[in-house]
Structure formats: structure tokens, C-alpha cells
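Chemist: Below you'll find start.cif; it's mmCIF, C-alpha atoms.
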data_final
loop_
_atom_site.group_PDB
_atom_site.id
_atom_site.type_symbol
_atom_site.label_atom_id
_atom_site.label_comp_id
_atom_site.auth_asym_id
_atom_site.auth_seq_id
_atom_site.Cartn_x
_atom_site.Cartn_y
_atom_site.Cartn_z
ATOM 1 C CA MET A 665 97.509 103.319 106.140
ATOM 2 C CA GLY A 666 100.471 105.143 107.602
ATOM 3 C CA ALA A 667 104.121 104.199 107.438
ATOM 4 C CA GLY A 668 103.933 102.600 110.894
ATOM 5 C CA ASP A 669 100.885 100.445 110.179
ATOM 6 C CA ASP A 670 101.146 96.663 110.009
ATOM 7 C CA LEU A 671 99.815 96.464 106.465
ATOM 8 C CA GLY A 672 100.880 97.951 103.188
ATOM 9 C CA LEU A 673 102.285 97.286 99.768
ATOM 10 C CA LEU A 674 105.950 97.470 100.691
ATOM 11 C CA LYS A 675 107.543 96.647 104.003
ATOM 12 C CA ASN A 676 111.019 95.699 105.094
ATOM 13 C CA GLU A 677 110.531 91.984 105.746
ATOM 14 C CA SER A 678 109.633 88.920 103.733
ATOM 15 C CA PRO A 679 105.885 89.137 103.253
ATOM 16 C CA SER A 680 102.754 87.297 104.030
ATOM 17 C CA SER A 681 100.595 88.202 101.090
ATOM 18 C CA VAL A 682 97.199 87.890 99.473
ATOM 19 C CA VAL A 683 96.456 87.988 95.778
ATOM 20 C CA ARG A 684 93.249 87.525 93.820
ATOM 21 C CA ARG A 685 93.576 84.462 91.572
ATOM 22 C CA SER A 686 92.594 86.507 88.502
ATOM 23 C CA HIS A 687 95.978 88.227 88.916
ATOM 24 C CA VAL A 688 97.998 84.978 89.048
ATOM 25 C CA ASP A 689 99.455 83.885 85.726
ATOM 26 C CA ASP A 690 99.891 80.162 86.275
ATOM 27 C CA GLY A 691 98.396 78.972 82.997
ATOM 28 C CA ARG A 692 94.994 78.201 84.510
ATOM 29 C CA PRO A 693 91.894 80.204 83.676
ATOM 30 C CA ALA A 694 91.263 83.037 86.107
ATOM 31 C CA LEU A 695 88.480 82.520 88.585
ATOM 32 C CA SER A 696 85.736 85.078 88.423
ATOM 33 C CA LEU A 697 83.067 86.362 90.741
ATOM 34 C CA PRO A 698 80.007 84.196 91.229
ATOM 35 C CA LYS A 699 77.367 84.727 88.533
ATOM 36 C CA GLY A 700 75.366 87.878 89.094
ATOM 37 C CA ARG A 701 77.855 89.379 91.583
ATOM 38 C CA THR A 702 79.844 92.560 91.172
ATOM 39 C CA PRO A 703 83.104 93.272 93.028
ATOM 40 C CA ASP A 704 81.412 95.573 95.536
ATOM 41 C CA GLN A 705 78.735 93.088 96.603
ATOM 42 C CA LYS A 706 79.177 91.038 99.769
ATOM 43 C CA TYR A 707 79.426 87.277 99.479
ATOM 44 C CA MET A 708 81.335 84.522 101.209
ATOM 45 C CA LYS A 709 85.019 84.982 100.483
ATOM 46 C CA GLN A 710 86.840 81.945 99.225
ATOM 47 C CA LEU A 711 90.434 81.891 100.428
ATOM 48 C CA SER A 712 93.232 79.388 99.883
ATOM 49 C CA VAL A 713 96.056 79.737 102.401
ATOM 50 C CA ILE A 714 99.405 78.250 101.403
ATOM 51 C CA ILE A 715 101.785 77.277 104.207
ATOM 52 C CA PRO A 716 105.242 76.012 103.239
ATOM 53 C CA ALA A 717 106.546 73.944 106.159
ATOM 54 C CA TYR A 718 109.805 72.238 107.010
ATOM 55 C CA ASN A 719 110.124 70.372 110.326
ATOM 56 C CA GLU A 720 107.271 72.327 111.930
ATOM 57 C CA GLU A 721 105.399 69.538 113.720
ATOM 58 C CA ASN A 722 105.283 71.613 116.922
ATOM 59 C CA GLY A 723 104.201 74.866 115.281
ATOM 60 C CA ILE A 724 101.857 73.884 112.451
ATOM 61 C CA ARG A 725 98.766 72.904 114.488
ATOM 62 C CA PRO A 726 98.426 76.264 116.300
ATOM 63 C CA THR A 727 98.839 78.111 112.989
ATOM 64 C CA ILE A 728 96.115 76.002 111.351
ATOM 65 C CA GLU A 729 93.823 76.487 114.352
ATOM 66 C CA ARG A 730 94.336 80.272 114.218
ATOM 67 C CA LEU A 731 93.501 80.244 110.492
ATOM 68 C CA LYS A 732 90.335 78.223 111.132
ATOM 69 C CA SER A 733 89.301 80.719 113.797
ATOM 70 C CA VAL A 734 89.875 83.632 111.394
ATOM 71 C CA ALA A 735 87.844 81.856 108.702
ATOM 72 C CA SER A 736 85.007 81.212 111.120
ATOM 73 C CA SER A 737 84.892 84.768 112.471
ATOM 74 C CA ASN A 738 84.850 86.189 108.932
ATOM 75 C CA ALA A 739 82.455 83.566 107.486
ATOM 76 C CA TRP A 740 85.038 82.578 104.861
ATOM 77 C CA ASP A 741 85.300 79.357 102.903
ATOM 78 C CA MET A 742 88.974 78.654 103.619
ATOM 79 C CA GLU A 743 91.174 75.959 102.161
ATOM 80 C CA ILE A 744 94.444 75.443 104.044
ATOM 81 C CA VAL A 745 97.226 73.877 101.969
ATOM 82 C CA VAL A 746 100.376 72.834 103.803
ATOM 83 C CA VAL A 747 103.339 72.019 101.585
ATOM 84 C CA ASP A 748 105.539 69.704 103.654
ATOM 85 C CA ASP A 749 108.988 70.374 102.235
ATOM 86 C CA GLY A 750 110.576 66.985 102.917
ATOM 87 C CA SER A 751 110.345 67.282 106.704
ATOM 88 C CA GLY A 752 112.043 64.655 108.822
ATOM 89 C CA ASP A 753 109.422 64.972 111.533
ATOM 90 C CA LYS A 754 105.622 64.588 111.567
ATOM 91 C CA THR A 755 104.761 67.996 110.081
ATOM 92 C CA GLY A 756 102.532 66.529 107.360
ATOM 93 C CA GLU A 757 100.720 64.145 109.686
ATOM 94 C CA VAL A 758 100.028 66.867 112.260
ATOM 95 C CA ALA A 759 98.818 69.282 109.540
ATOM 96 C CA ARG A 760 96.497 66.662 108.019
ATOM 97 C CA ALA A 761 95.099 65.767 111.462
ATOM 98 C CA ALA A 762 94.427 69.494 112.036
ATOM 99 C CA GLY A 763 92.351 69.608 108.837
ATOM 100 C CA ALA A 764 94.776 70.895 106.212
ATOM 101 C CA THR A 765 95.323 69.528 102.735
ATOM 102 C CA VAL A 766 98.929 68.330 102.651
ATOM 103 C CA ILE A 767 101.259 68.136 99.670
ATOM 104 C CA ARG A 768 104.646 66.568 100.349
ATOM 105 C CA ASN A 769 107.893 67.326 98.584
ATOM 106 C CA PRO A 770 109.897 64.070 98.664
ATOM 107 C CA VAL A 771 113.061 66.029 99.527
ATOM 108 C CA ASN A 772 113.646 69.513 100.907
ATOM 109 C CA SER A 773 113.207 71.674 97.795
ATOM 110 C CA GLY A 774 113.060 75.149 99.305
ATOM 111 C CA TYR A 775 110.531 77.839 100.116
ATOM 112 C CA GLY A 776 110.009 79.040 96.524
ATOM 113 C CA LEU A 777 109.198 75.630 95.046
ATOM 114 C CA SER A 778 106.917 74.858 97.964
ATOM 115 C CA LEU A 779 105.014 78.094 97.361
ATOM 116 C CA GLN A 780 104.685 77.302 93.660
ATOM 117 C CA ARG A 781 103.334 73.827 94.358
ATOM 118 C CA GLY A 782 100.827 75.161 96.861
ATOM 119 C CA ILE A 783 99.615 77.974 94.619
ATOM 120 C CA ARG A 784 99.134 75.548 91.721
ATOM 121 C CA VAL A 785 96.680 73.442 93.715
ATOM 122 C CA ALA A 786 94.869 76.402 95.302
ATOM 123 C CA ARG A 787 91.177 76.299 94.395
ATOM 124 C CA HIS A 788 89.820 79.588 95.691
ATOM 125 C CA GLU A 789 89.488 83.163 94.472
ATOM 126 C CA TYR A 790 91.963 84.614 96.964
ATOM 127 C CA VAL A 791 95.378 83.071 97.638
ATOM 128 C CA ALA A 792 97.259 83.925 100.823
ATOM 129 C CA ILE A 793 100.700 82.866 101.958
ATOM 130 C CA THR A 794 101.854 82.552 105.547
ATOM 131 C CA ASP A 795 104.545 80.727 107.490
ATOM 132 C CA ALA A 796 104.058 77.595 109.577
ATOM 133 C CA ASP A 797 105.578 78.944 112.770
ATOM 134 C CA GLY A 798 102.806 81.437 113.497
ATOM 135 C CA THR A 799 104.982 84.558 113.292
ATOM 136 C CA TYR A 800 102.612 86.333 110.905
ATOM 137 C CA PRO A 801 99.420 87.776 112.404
ATOM 138 C CA VAL A 802 96.925 85.781 110.314
ATOM 139 C CA GLU A 803 94.189 87.687 112.112
ATOM 140 C CA GLU A 804 95.080 90.576 109.770
ATOM 141 C CA LEU A 805 94.110 88.658 106.602
ATOM 142 C CA ALA A 806 90.773 90.497 106.460
ATOM 143 C CA HIS A 807 92.656 93.803 106.102
ATOM 144 C CA LEU A 808 94.774 92.426 103.264
ATOM 145 C CA ILE A 809 91.704 91.101 101.462
ATOM 146 C CA ALA A 810 89.968 94.460 101.903
ATOM 147 C CA MET A 811 92.930 96.088 100.151
ATOM 148 C CA ILE A 812 92.533 93.670 97.234
ATOM 149 C CA ASP A 813 88.807 94.425 97.108
ATOM 150 C CA GLN A 814 89.673 98.121 96.793
ATOM 151 C CA GLY A 815 91.412 97.389 93.505
ATOM 152 C CA LEU A 816 94.964 96.402 94.370
ATOM 153 C CA ASP A 817 96.489 93.441 92.545
ATOM 154 C CA MET A 818 98.325 92.235 95.634
ATOM 155 C CA ALA A 819 98.533 93.155 99.310
ATOM 156 C CA VAL A 820 101.565 92.357 101.429
ATOM 157 C CA GLY A 821 101.869 92.359 105.201
ATOM 158 C CA ALA A 822 104.987 92.310 107.334
ATOM 159 C CA ARG A 823 105.915 90.926 110.717
ATOM 160 C CA GLN A 824 106.078 93.713 113.263
ATOM 161 C CA GLY A 825 105.561 94.161 116.967
ATOM 162 C CA ASP A 826 104.936 90.922 118.889
ATOM 163 C CA HIS A 827 105.013 88.929 115.637
ATOM 164 C CA TYR A 828 108.476 90.033 114.649
ATOM 165 C CA ARG A 829 111.807 88.946 116.035
ATOM 166 C CA GLN A 830 114.227 91.541 114.698
ATOM 167 C CA SER A 831 117.941 91.261 115.305
ATOM 168 C CA TRP A 832 119.945 94.437 115.838
ATOM 169 C CA TRP A 833 122.413 93.744 113.024
ATOM 170 C CA LYS A 834 119.731 93.249 110.348
ATOM 171 C CA HIS A 835 117.959 96.519 111.136
ATOM 172 C CA PRO A 836 120.249 98.805 109.051
ATOM 173 C CA ALA A 837 119.975 96.461 106.043
ATOM 174 C CA ARG A 838 116.187 96.496 106.299
ATOM 175 C CA ILE A 839 116.141 100.295 106.345
ATOM 176 C CA VAL A 840 118.290 100.431 103.198
ATOM 177 C CA PHE A 841 116.089 97.825 101.482
ATOM 178 C CA ARG A 842 112.925 99.748 102.383
ATOM 179 C CA VAL A 843 114.313 103.021 101.026
ATOM 180 C CA ILE A 844 115.333 101.326 97.761
ATOM 181 C CA ALA A 845 111.957 99.562 97.435
ATOM 182 C CA GLU A 846 110.039 102.772 98.091
ATOM 183 C CA PHE A 847 112.177 104.617 95.534
ATOM 184 C CA VAL A 848 111.639 101.938 92.887
ATOM 185 C CA ALA A 849 107.911 101.648 93.569
ATOM 186 C CA GLY A 850 107.425 105.411 93.565
#
Any chance you could put this one into C-alpha cells?

Modeler:
Amino acid sequence: MGAGDDLGLLKNESPSSVVRRSHVDDGRPALSLPKGRTPDQKYMKQLSVIIPAYNEENGIRPTIERLKSVASSNAWDMEIVVVDDGSGDKTGEVARAAGATVIRNPVNSGYGLSLQRGIRVARHEYVAITDADGTYPVEELAHLIAMIDQGLDMAVGARQGDHYRQSWWKHPARIVFRVIAEFVAG
């Protein structure tokens, strides 16, 4: 992957990411490969997708439908978990009607807590995170999972191109952040 590619370990925007559950330290036993399988053998991937959502009743259904399409085209067993972060609209109802498992925070508790709650209930080997508004290209999840299968602990994608709404005044800050992150990560 080159510096201009959509996928990589470090990018200059908050990530959509995938991690193998065996690398998540949440106090639960790590999931392992099905009996008799080795990491290089093909089998149906099991993926939990966590979507924190706050007042996203108009955007959540298309995101869930895109995820279902990705799961179908890749023959994945996908669990979609929407964490409704105290929305004042019908985000949870729309997500449930679209086929997602919905967890509701009684009050708006923030992105981080919503992610934690979603990851704790995730049942599958791979755990992915994306946003409710459809700005991440969920069609790229297969590339992130392939990176994990190649031995990485975590793969992170970034919004770019049509999926990224960059403002001119944030661009210099993102460049500085990327340089620092690349220096720290080696």
C-alpha cells in the first residue's frame, strides 16, 4: 500500500478500524479459529460491526444496507450493532427495523463510551467500527480484514476522496498530526 492509498495503519483522520477479537483485552476469553482451521485456511468470516449513532435516523438505514450488501458479496456472517447514544429522534427504531442489534444509552454519553458498549457485546472474531452517516467506505472492509489476516493486530482506514469532507483550515493540522504519528510509529 502506498502513501496515497485508502488503507493503512496510520492516516490523518479518525479511523474506521478492524481488529481481531483475540487482540482485544476486554476481560473476555479470546475467540479462536474454528476447530481444525489454521489462519491461512478460507472459511466464513465472522464480523461484528459497531456503529455509534446520535440522531442519525436519516442516515443509519443506508449505512446498514451497505454493510449487509458487503456481507453478502463476501459471504460473511455479519452482526451489526448500533449503539444509539441517547438520540432524540428515531435512530434506534430505524436501525432495528433495518436488521441491526440496537443498544441504547439512556443519555448522550459520547462516542468513546458508545464504542466500548458496542465492542463488549460483539460476538464475532473480527470487530469493525464505522460511523452511522455513511462517510466511511464500508466496501473496503475486506481490505482491512485481509491486512489482519496477514498478521497485523489492527487495520485502520481513513476517509478520503468522495468519502471525505475536508475543510481547508484543518488540512495543515492533519499534515502535522500525520508527520508526528509516522515519526512515533517508525

Chemist: Nearest to A:Glu729 among A:Ile744, A:Pro770, A:Met811, A:Gly821, with distances taken over only C-alpha atoms: which residue is it?

Modeler: A:Ile744

Chemist: For atom CA of A:Val791 and atom CA of A:Trp740, quote the distance in Å rounded to one decimal.

Modeler: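 Computing the Euclidean distance for atom CA of A:Val791 and atom CA of A:Trp740 yields 12.6 Å.
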
Chemist: Need the shell around A:His788: protein/DNA/RNA residues with any atom at most 6 Å away, counting only C-alpha atoms. Skip same-chain ones fewer than 6 positions apart. Format as a ChimeraX atom specification?

Modeler: /A:710-712

Chemist: List the neighbours of A:Val713 out to 12 Å using all atoms listed in the file; skip same-chain residues closer than 2 positions along the sequence, and give me the result as a PyMOL selection string.

Modeler: chain A and resi 680-684+710-711+715-716+727-728+730-732+734-735+740-747+764-766+779+782-796+802+805

Chemist: Could you tell me how far atom CA of A:Tyr800 sits from atom CA of A:Asp813, in Å to one decimal place?

Modeler: 21.1 Å

Chemist: Could you check how far atom CA of A:Gly750 sits from atom CA of A:Asn769, in Å to one decimal?

Modeler: 5.1 Å

Chemist: My list of candidates is A:Met708, A:Ile839, A:Val820, A:Ala849. Which is closest to A:Asn738 when distances are computed with only C-alpha atoms?

Modeler: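 With only C-alpha atoms as the atom set, the closest residue is A:Met708.
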
Chemist: Restricting the calculation to all atoms listed in the file: of A:Leu816, A:Leu777, A:Lys709, A:Glu803, which residue gets closest to A:Ser733?

Modeler: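 Nearest candidate to A:Ser733 out of A:Leu816, A:Leu777, A:Lys709, A:Glu803: A:Glu803.
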
Chemist: Name the residues captured by the PyMOL selection byres ((chain A and resi 754-760) around 6) when it is applied to the shown file; answer as a ChimeraX atom specification.

Modeler: /A:719-721,748,753,761-764

Chemist: Which of these, A:Gln780, A:Tyr775, A:Met818, A:Val843, has the shortest distance to A:Asp749 once you count all atoms listed in the file?

Modeler: A:Tyr775
